[in-house]
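Just below is one structure, and these are the notes that go with it.
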Amino acid sequence: MANLKLQNISKSFGTVSVLQDVSLDVHDGEFVTLLGPSGCGKSTLLRIVAGLEQPDTGSVVIGDRAVDQWRPRDRDIAMVFQTYALYPHMTVAANLSLPLVMRRLSAWQRLPLVGPLLPGSRSLRAAIAKEIGDVAESLELAHLLDRKPAQLSGGQRQRVALARAMVRRPAVFLMDEPLSNLDTTLRTQMRIEIAALRRKLAAAFVYVTHDQTEAMTMSDRVAVMFGGKVVQVGSPQALYTRPATRQVAEFIGTPRINMLEGTVRNDGCVDVADSHFVIEHDLAPGSRVHLGIRPEHLRITERIGPDTITGRIQRLEYMGNDLLLYFTALGQREQLVMRISPQQGAGLRPDLTVHVTAAREPVLMFDHSGAAVASCVHQVTQLRNQRWS
Amino acid sequence: MVMIASANDAALCRRATRRNFAQLTAGHLLSLPAAVALLLLFVAPTIAIFGIALTDWQLGADDLSFIGLKNFRALLVDPDFYKSLRNSVVYTLLVLPATVCLGLAVALLIESGRSFRAFYRAAHFLPVMATMAAMAISWEALLHPTIGLLTQALASLGVPTTNWLKNQHTVLPALAAIGIWQNFGYAMVLFLAGLKVIPPDLYEAAAVDGADSAFDRLRTVTLPMLGPTTMFVTIIITLRSLEVFDTVSIITQGGPEKASEVLLYTLYTESFSYLRTGYGAAITVVFLLMVTSLMLLQTRIMDRRVHYA
């Protein structure tokens, strides 16, 4: 049980800078996900925590002690690998006991043939067998203890990898994309199991994934990483509703957030397509900005007004409970998308013209550098200036 | 309606059968050259050997007569045959463990270092590529009792030396040393290939689990994961040791006092020097049976203990 602190960690491989001055705190009992596209340095960061890589600068603190000079085995961490990394020649039982055997038995006691005859080794082995039995029981692996990893299904292997991490009762659990090799159904199920598991175990969890669903559903906090930097750390809700940058806004949420290019007018309103948005900000007139609107915050309206965007339907995707409507708007390069109910979409078909509004819904605004201008702003329907003509 | 359907089905079936047949024919045709070569170069000579072993044929003779198992009966009471059998087994027992251990050790060393890998690989593999006849002569010079470099070096270190290749007690170990020198590069290359496919994740998992000393890594990950490679190396090196011929033929001719007479050399002298081809064939049959059963046994035993990833 301990807090994990990463302080100003940088790492380069040759001339490639992988991590730049990354700092992050993970509290005891907290589940923090490192989320980012591949190559953003999230796995390297995890491996630095594990001690499998050495940072160029910066420090890893577990509990109150800097563990930079410590070997992985001494750091009180356990790691679940993407490939599970089970020892294929050992049974499940042997796989699970190895971390305990390596810790509790002396080199002599571990020797084959001679080892079991030495004093103490038998009782130690019995204690270990009992402990792994308990862990196996809790993960429903008890009936698989005699199998080898090759005889297990993907989900079972995943569970064995989890169990191997659990038997040591580490202070910090590290997981490197543990679900990416599973099929969708199994992934959903394992997500639930891991979430349940972490509630039982008092430990800090650091979970690496590029899958935002995993990050959003399991984490207390998510650290979004791009290009070797932590761009934003926050709860899943905060990341979704108040992204710090345009990049974060675009990375989180499916389908992707709509980004509309606009210009700040002299009166402070933002011109976007054939519409304009009344937003509070302190940008100079003439600034180029991007407005971010989530697909579920757009809706179709009969009325044509200053706050409506005229669009032409490109295609419709029926998702069962939702209908995704892709359309293009005047003067906008990117295709926009809105999420509506199938009832609302009745009668719509490609090439029709629709009027779309985001009135009274949250709209995000980013300046030309991509930084969020306002934390969370709403479009005001009542126009301050002249009426639409 | 039903009739049309069944007629269609029948046509489909016929077409499918025809296509299968065409594929089958093509497959057989493609494997024909290999099958013919195998038959001519391997199966036919083996059958011929079994046949000749039952006759008193002498190389070059016009006639031969069937003598049943007489050759084999003679073999069973031939002390020279037992001597060469014993020598072959001893030679293999000397060469096999040393070659496997040395090959593995060198492979691990090369793999653990970062620089000059290609050079070390090539340097250790050279003996495998070298013409053994020429190398045998070089070794003879190295081991020469008075001017041999190796002998002199050992003498200067105070190690008692002898006429290695002419001493009944040292000739087989000396030949085995040459055999190890010749073969361990081959084992090394195979082990290097085996090491390459061990997933690095396993070493990392071992490091986290606490198996991070060199010995523990070897025991927990490397050796078990090299199981299939080790099995293959063992079989290949056993075969190559049992087949030792060129060094014996060039350096010692089986001497002194038949102390280095090995199976293949006996087989060769019986068949081609003494022209007792039938007898030589009988030795070949025994040799073949021995090698085959050894391989089967080895695969059986090791297969059970080896993990294939």
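Ordering of the structure tokens sets the chain letters (A, B, ...); residue numbers start at 1 within each chain; ligands are numbered from 1 in the order shown.
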
(message) Using only C-alpha atoms, I'd like every residue of chain A that has an atom within 8 Å of chain B; please write them out as a list in words.
(response) Ala50, Leu52, Pro72, Arg73, Asp74, Ile77, Ala78, Met79, Phe81, Thr83, Ala85, Leu86, Tyr87, Pro88, His89, Leu98, Pro99, Leu100, Met102, Arg103 and Ala150 of chain A

Would you list, as a PyMOL selection string, the residues of segment 85-280 of chain B that end up in alpha helix (DSSP H) under DSSP run on this structure's backbone?
chain B and resi 85-112+117-129+132-142+149-156+171-196+200-209+214-217+223-225+227-242+246-247+263-268+277-280

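Around His297 of chain A, within 8 Å and counting only C-alpha atoms, the residues found are Met338, Arg339, Ala358, Glu361 and Pro362 of chain A, once anything fewer than 6 positions away on its own chain is removed.
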
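Of the listed residues (B:Leu294, B:Met135, B:Ala122, B:Ala44), B:Met135 comes nearest to Ile251 of chain B; the distances count only C-alpha atoms.
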
key: Near-Leu192 of chain B list (12 Å; only C-alpha atoms; drop same-chain fewer than 3 positions) as a PyMOL selection string   = chain B and resi 103-112+117-118+120-121+124-125+184-189+195-198+222+226+229-230+233

Any chance you can output those residues with N, CA and C atoms as a compact mmCIF listing (two decimals), in the first residue's frame?
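The new file selection_27.txt reads:
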```
# COMPACT_ATOMS: atom_id res chain seq x y z
N GLY B 103 28.52 -25.00 -27.32
CA GLY B 103 27.70 -24.27 -28.29
C GLY B 103 26.74 -23.33 -27.59
N LEU B 104 26.09 -23.84 -26.53
CA LEU B 104 25.14 -23.02 -25.78
C LEU B 104 25.86 -21.86 -25.09
N ALA B 105 27.01 -22.17 -24.48
CA ALA B 105 27.74 -21.13 -23.76
C ALA B 105 28.17 -20.02 -24.72
N VAL B 106 28.72 -20.40 -25.85
CA VAL B 106 29.18 -19.38 -26.81
C VAL B 106 27.99 -18.59 -27.34
N ALA B 107 26.88 -19.27 -27.63
CA ALA B 107 25.69 -18.57 -28.12
C ALA B 107 25.21 -17.56 -27.08
N LEU B 108 25.19 -17.96 -25.80
CA LEU B 108 24.75 -17.04 -24.74
C LEU B 108 25.69 -15.85 -24.63
N LEU B 109 26.99 -16.12 -24.73
CA LEU B 109 27.97 -15.03 -24.63
C LEU B 109 27.80 -14.06 -25.79
N ILE B 110 27.66 -14.60 -26.99
CA ILE B 110 27.52 -13.72 -28.16
C ILE B 110 26.25 -12.89 -28.02
N GLU B 111 25.18 -13.55 -27.60
CA GLU B 111 23.89 -12.87 -27.51
C GLU B 111 23.89 -11.81 -26.40
N SER B 112 24.67 -12.03 -25.36
CA SER B 112 24.66 -11.07 -24.24
C SER B 112 25.54 -9.86 -24.54
N ARG B 117 29.29 -8.98 -32.78
CA ARG B 117 28.48 -10.21 -32.82
C ARG B 117 28.72 -11.00 -34.09
N ALA B 118 28.67 -10.29 -35.23
CA ALA B 118 28.80 -10.97 -36.52
C ALA B 118 30.16 -11.64 -36.61
N TYR B 120 32.11 -12.74 -34.12
CA TYR B 120 32.18 -13.93 -33.26
C TYR B 120 31.40 -15.09 -33.87
N ARG B 121 30.23 -14.74 -34.40
CA ARG B 121 29.42 -15.79 -35.04
C ARG B 121 30.22 -16.46 -36.14
N HIS B 124 33.31 -18.54 -34.94
CA HIS B 124 32.99 -19.83 -34.34
C HIS B 124 32.35 -20.80 -35.32
N PHE B 125 31.82 -20.24 -36.39
CA PHE B 125 31.16 -21.13 -37.35
C PHE B 125 32.14 -21.65 -38.40
N PHE B 184 30.93 -27.56 -32.55
CA PHE B 184 30.22 -26.68 -31.62
C PHE B 184 29.72 -25.40 -32.28
N GLY B 185 30.38 -25.01 -33.37
CA GLY B 185 29.91 -23.84 -34.11
C GLY B 185 28.52 -24.07 -34.68
N TYR B 186 28.31 -25.30 -35.10
CA TYR B 186 27.01 -25.67 -35.64
C TYR B 186 25.93 -25.60 -34.55
N ALA B 187 26.28 -26.16 -33.39
CA ALA B 187 25.36 -26.10 -32.26
C ALA B 187 25.10 -24.65 -31.88
N MET B 188 26.18 -23.84 -31.92
CA MET B 188 26.06 -22.43 -31.55
C MET B 188 25.05 -21.70 -32.44
N VAL B 189 25.17 -21.94 -33.75
CA VAL B 189 24.27 -21.26 -34.69
C VAL B 189 22.82 -21.64 -34.41
N LEU B 195 17.67 -18.72 -29.38
CA LEU B 195 17.64 -17.60 -28.43
C LEU B 195 16.86 -16.42 -29.00
N LYS B 196 16.99 -16.24 -30.33
CA LYS B 196 16.35 -15.11 -30.98
C LYS B 196 14.82 -15.13 -30.81
N VAL B 197 14.24 -16.32 -30.75
CA VAL B 197 12.78 -16.38 -30.73
C VAL B 197 12.20 -16.42 -29.32
N ILE B 198 13.04 -16.34 -28.30
CA ILE B 198 12.49 -16.26 -26.94
C ILE B 198 11.93 -14.86 -26.74
N THR B 222 15.53 -19.22 -20.19
CA THR B 222 16.34 -19.58 -21.35
C THR B 222 16.33 -21.08 -21.65
N LEU B 226 14.63 -23.08 -24.74
CA LEU B 226 15.52 -23.65 -25.76
C LEU B 226 15.29 -25.15 -25.92
N THR B 229 15.16 -26.57 -29.43
CA THR B 229 16.47 -26.40 -30.08
C THR B 229 17.45 -27.43 -29.53
N THR B 230 17.47 -27.58 -28.20
CA THR B 230 18.40 -28.51 -27.58
C THR B 230 18.15 -29.92 -28.08
N VAL B 233 19.57 -30.10 -31.56
CA VAL B 233 21.04 -30.08 -31.53
C VAL B 233 21.55 -31.43 -31.07
```

Residues within 8 Å of segment 132-142 of chain A, only C-alpha atoms, excluding chain neighbours under 2 positions, as a PDB file with C-alpha atoms, in the first residue's frame:
```pdb
ATOM      1  CA  ALA A  93       0.296 -23.449 -10.502  1.00  0.00           C
ATOM      2  CA  LEU A  96       1.543 -18.459 -10.029  1.00  0.00           C
ATOM      3  CA  SER A  97       3.989 -19.679  -7.408  1.00  0.00           C
ATOM      4  CA  ILE A 128       2.762 -20.913  -1.150  1.00  0.00           C
ATOM      5  CA  ALA A 129       0.524 -23.632  -2.567  1.00  0.00           C
ATOM      6  CA  LYS A 130      -2.216 -22.548  -0.194  1.00  0.00           C
ATOM      7  CA  LEU A 144      -6.865 -25.071 -14.296  1.00  0.00           C
ATOM      8  CA  LEU A 145      -3.879 -25.219 -11.950  1.00  0.00           C
ATOM      9  CA  GLN A 156      -8.007 -17.823 -19.057  1.00  0.00           C
ATOM     10  CA  ARG A 159      -6.718 -14.340 -15.737  1.00  0.00           C
ATOM     11  CA  VAL A 160      -3.600 -16.342 -14.936  1.00  0.00           C
ATOM     12  CA  ALA A 163      -3.429 -13.909 -10.692  1.00  0.00           C
ATOM     13  CA  MET A 166      -2.000 -10.660  -7.411  1.00  0.00           C
ATOM     14  CA  VAL A 167      -0.245 -13.410  -5.468  1.00  0.00           C
TER      15      VAL A 167
END
```

Which residues, written as a VMD selection string, have at least one atom at most 9 Å from segment 259-267 of chain A, with only C-alpha atoms counted and residues fewer than 3 positions away on the same chain left out?
chain A and resid 246 250 256 270 to 273 276 283 to 294 331 to 334 336 385

Could you save those same residues with C-alpha atoms as a tab-separated table (two decimals), in the first residue's frame?
```tsv
chain	number	residue	atom	x	y	z
A	246	ARG	CA	-8.11	20.29	-29.10
A	250	GLU	CA	-10.54	14.89	-30.57
A	256	ARG	CA	-14.99	12.06	-32.83
A	270	VAL	CA	-17.79	33.58	-33.65
A	271	ASP	CA	-18.73	33.06	-37.29
A	272	VAL	CA	-18.97	29.44	-38.23
A	273	ALA	CA	-20.32	28.35	-41.59
A	276	HIS	CA	-22.69	32.39	-35.53
A	283	LEU	CA	-9.66	36.63	-27.96
A	284	ALA	CA	-8.99	39.51	-30.32
A	285	PRO	CA	-11.39	40.06	-33.23
A	286	GLY	CA	-10.22	38.28	-36.36
A	287	SER	CA	-8.71	35.32	-34.45
A	288	ARG	CA	-9.11	31.94	-36.04
A	289	VAL	CA	-10.68	29.46	-33.65
A	290	HIS	CA	-12.12	25.96	-33.60
A	291	LEU	CA	-15.40	25.17	-31.98
A	292	GLY	CA	-15.79	21.66	-30.69
A	293	ILE	CA	-19.29	20.21	-30.51
A	294	ARG	CA	-19.93	16.61	-29.45
A	331	GLY	CA	-17.31	26.46	-45.63
A	332	GLN	CA	-16.23	23.56	-43.41
A	333	ARG	CA	-13.54	21.23	-44.64
A	334	GLU	CA	-14.29	18.32	-42.37
A	336	LEU	CA	-19.52	16.69	-39.33
A	385	ASN	CA	-26.99	41.98	-32.10
```

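Distance check against Asp146 of chain A using only C-alpha atoms: of A:Thr91, A:Pro236, A:Pro112, A:Val278, the minimum falls on A:Thr91.
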
Worksheet item: Neighbours of Arg199 of chain A within 12 Å (only C-alpha atoms; same-chain residues fewer than 2 positions away dropped), as a ChimeraX atom specification?
Response: /A:28-31,192-197,201-205,218-220

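Between atom CA of Leu263 of chain B and atom CA of Ala176 of chain B the interatomic distance comes to 14.6 Å.
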
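Residues of segment 37-219 of chain A assigned to strand (DSSP E) by DSSP on this structure's backbone: Thr57, Gly58, Ser59, Val60, Val61, Ile62, Arg65, Ala66, Ile77, Ala78, Met79, Val80, Val172, Phe173, Leu174, Met175, Asp176, Ala204, Phe205, Val206, Tyr207, Val208 and Thr209 of chain A.
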
Please produce a file of those selected residues containing N, CA and C atoms, as a PDB file, in the first residue's frame.
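This went into selection-v3.pdb:
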```pdb
ATOM      1  N   THR A  57      16.409  11.251 -16.897  1.00  0.00           N
ATOM      2  CA  THR A  57      16.351  12.136 -15.739  1.00  0.00           C
ATOM      3  C   THR A  57      15.037  11.863 -15.029  1.00  0.00           C
ATOM      4  N   GLY A  58      14.931  12.371 -13.804  1.00  0.00           N
ATOM      5  CA  GLY A  58      13.683  12.208 -13.074  1.00  0.00           C
ATOM      6  C   GLY A  58      13.748  11.040 -12.126  1.00  0.00           C
ATOM      7  N   SER A  59      12.671  10.859 -11.379  1.00  0.00           N
ATOM      8  CA  SER A  59      12.716   9.906 -10.288  1.00  0.00           C
ATOM      9  C   SER A  59      11.359   9.223 -10.108  1.00  0.00           C
ATOM     10  N   VAL A  60      11.412   7.958  -9.710  1.00  0.00           N
ATOM     11  CA  VAL A  60      10.199   7.210  -9.388  1.00  0.00           C
ATOM     12  C   VAL A  60      10.176   6.998  -7.881  1.00  0.00           C
ATOM     13  N   VAL A  61       9.094   7.395  -7.243  1.00  0.00           N
ATOM     14  CA  VAL A  61       8.995   7.243  -5.793  1.00  0.00           C
ATOM     15  C   VAL A  61       7.813   6.333  -5.488  1.00  0.00           C
ATOM     16  N   ILE A  62       8.073   5.252  -4.768  1.00  0.00           N
ATOM     17  CA  ILE A  62       6.995   4.368  -4.330  1.00  0.00           C
ATOM     18  C   ILE A  62       6.995   4.420  -2.806  1.00  0.00           C
ATOM     19  N   ARG A  65       9.981   6.285  -0.764  1.00  0.00           N
ATOM     20  CA  ARG A  65      11.364   6.059  -1.146  1.00  0.00           C
ATOM     21  C   ARG A  65      11.553   6.117  -2.658  1.00  0.00           C
ATOM     22  N   ALA A  66      12.602   6.802  -3.072  1.00  0.00           N
ATOM     23  CA  ALA A  66      12.965   6.807  -4.485  1.00  0.00           C
ATOM     24  C   ALA A  66      13.517   5.425  -4.815  1.00  0.00           C
ATOM     25  N   ILE A  77       6.205  -4.019  -6.930  1.00  0.00           N
ATOM     26  CA  ILE A  77       5.260  -3.820  -8.029  1.00  0.00           C
ATOM     27  C   ILE A  77       4.962  -5.178  -8.652  1.00  0.00           C
ATOM     28  N   ALA A  78       3.867  -5.266  -9.374  1.00  0.00           N
ATOM     29  CA  ALA A  78       3.611  -6.446 -10.186  1.00  0.00           C
ATOM     30  C   ALA A  78       3.136  -5.937 -11.527  1.00  0.00           C
ATOM     31  N   MET A  79       3.432  -6.682 -12.566  1.00  0.00           N
ATOM     32  CA  MET A  79       3.110  -6.183 -13.894  1.00  0.00           C
ATOM     33  C   MET A  79       2.367  -7.249 -14.685  1.00  0.00           C
ATOM     34  N   VAL A  80       1.340  -6.810 -15.403  1.00  0.00           N
ATOM     35  CA  VAL A  80       0.639  -7.696 -16.331  1.00  0.00           C
ATOM     36  C   VAL A  80       1.017  -7.239 -17.733  1.00  0.00           C
ATOM     37  N   VAL A 172       1.914  -1.620  -6.011  1.00  0.00           N
ATOM     38  CA  VAL A 172       1.538  -0.997  -7.273  1.00  0.00           C
ATOM     39  C   VAL A 172       1.324  -2.077  -8.338  1.00  0.00           C
ATOM     40  N   PHE A 173       0.167  -2.015  -8.978  1.00  0.00           N
ATOM     41  CA  PHE A 173      -0.134  -2.907 -10.087  1.00  0.00           C
ATOM     42  C   PHE A 173       0.119  -2.171 -11.393  1.00  0.00           C
ATOM     43  N   LEU A 174       0.914  -2.750 -12.259  1.00  0.00           N
ATOM     44  CA  LEU A 174       1.146  -2.126 -13.556  1.00  0.00           C
ATOM     45  C   LEU A 174       0.540  -3.021 -14.628  1.00  0.00           C
ATOM     46  N   MET A 175      -0.236  -2.439 -15.518  1.00  0.00           N
ATOM     47  CA  MET A 175      -0.863  -3.249 -16.570  1.00  0.00           C
ATOM     48  C   MET A 175      -0.620  -2.603 -17.916  1.00  0.00           C
ATOM     49  N   ASP A 176       0.000  -3.358 -18.807  1.00  0.00           N
ATOM     50  CA  ASP A 176       0.360  -2.832 -20.117  1.00  0.00           C
ATOM     51  C   ASP A 176      -0.588  -3.402 -21.172  1.00  0.00           C
ATOM     52  N   ALA A 204      -2.218   0.742  -5.693  1.00  0.00           N
ATOM     53  CA  ALA A 204      -2.290   1.735  -6.758  1.00  0.00           C
ATOM     54  C   ALA A 204      -2.228   1.000  -8.093  1.00  0.00           C
ATOM     55  N   PHE A 205      -3.099   1.373  -9.000  1.00  0.00           N
ATOM     56  CA  PHE A 205      -3.126   0.739 -10.321  1.00  0.00           C
ATOM     57  C   PHE A 205      -2.678   1.737 -11.371  1.00  0.00           C
ATOM     58  N   VAL A 206      -1.752   1.319 -12.211  1.00  0.00           N
ATOM     59  CA  VAL A 206      -1.422   2.114 -13.394  1.00  0.00           C
ATOM     60  C   VAL A 206      -1.697   1.226 -14.595  1.00  0.00           C
ATOM     61  N   TYR A 207      -2.563   1.715 -15.452  1.00  0.00           N
ATOM     62  CA  TYR A 207      -3.082   0.893 -16.536  1.00  0.00           C
ATOM     63  C   TYR A 207      -2.802   1.610 -17.848  1.00  0.00           C
ATOM     64  N   VAL A 208      -2.133   0.934 -18.754  1.00  0.00           N
ATOM     65  CA  VAL A 208      -1.801   1.562 -20.034  1.00  0.00           C
ATOM     66  C   VAL A 208      -2.741   1.043 -21.113  1.00  0.00           C
ATOM     67  N   THR A 209      -3.326   1.940 -21.878  1.00  0.00           N
ATOM     68  CA  THR A 209      -4.180   1.491 -22.971  1.00  0.00           C
ATOM     69  C   THR A 209      -4.264   2.578 -24.038  1.00  0.00           C
TER      70      THR A 209
END
```

One decimal place gives the atom CA of Thr357 of chain A-atom CA of Glu296 of chain A separation as 11.2 Å

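Distances from B:Ile180, B:Ala141, B:Leu40, B:Ala123 to Asn163 of chain B were compared using only C-alpha atoms, and the smallest one belongs to B:Ala141.
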
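Residue nearest Lys229 of chain A, chosen from A:Asp183, A:Asp211, A:Glu280, A:Asp21 and counting only C-alpha atoms: A:Asp21.
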
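Note that atom CA of Gly280 of chain B and atom CA of Gln58 of chain B are 9.7 Å apart.
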
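Nearest residue to Ile49 of chain B, choosing from B:Val286, B:Met302, B:Leu296, B:Val159 and counting only C-alpha atoms: B:Val286.
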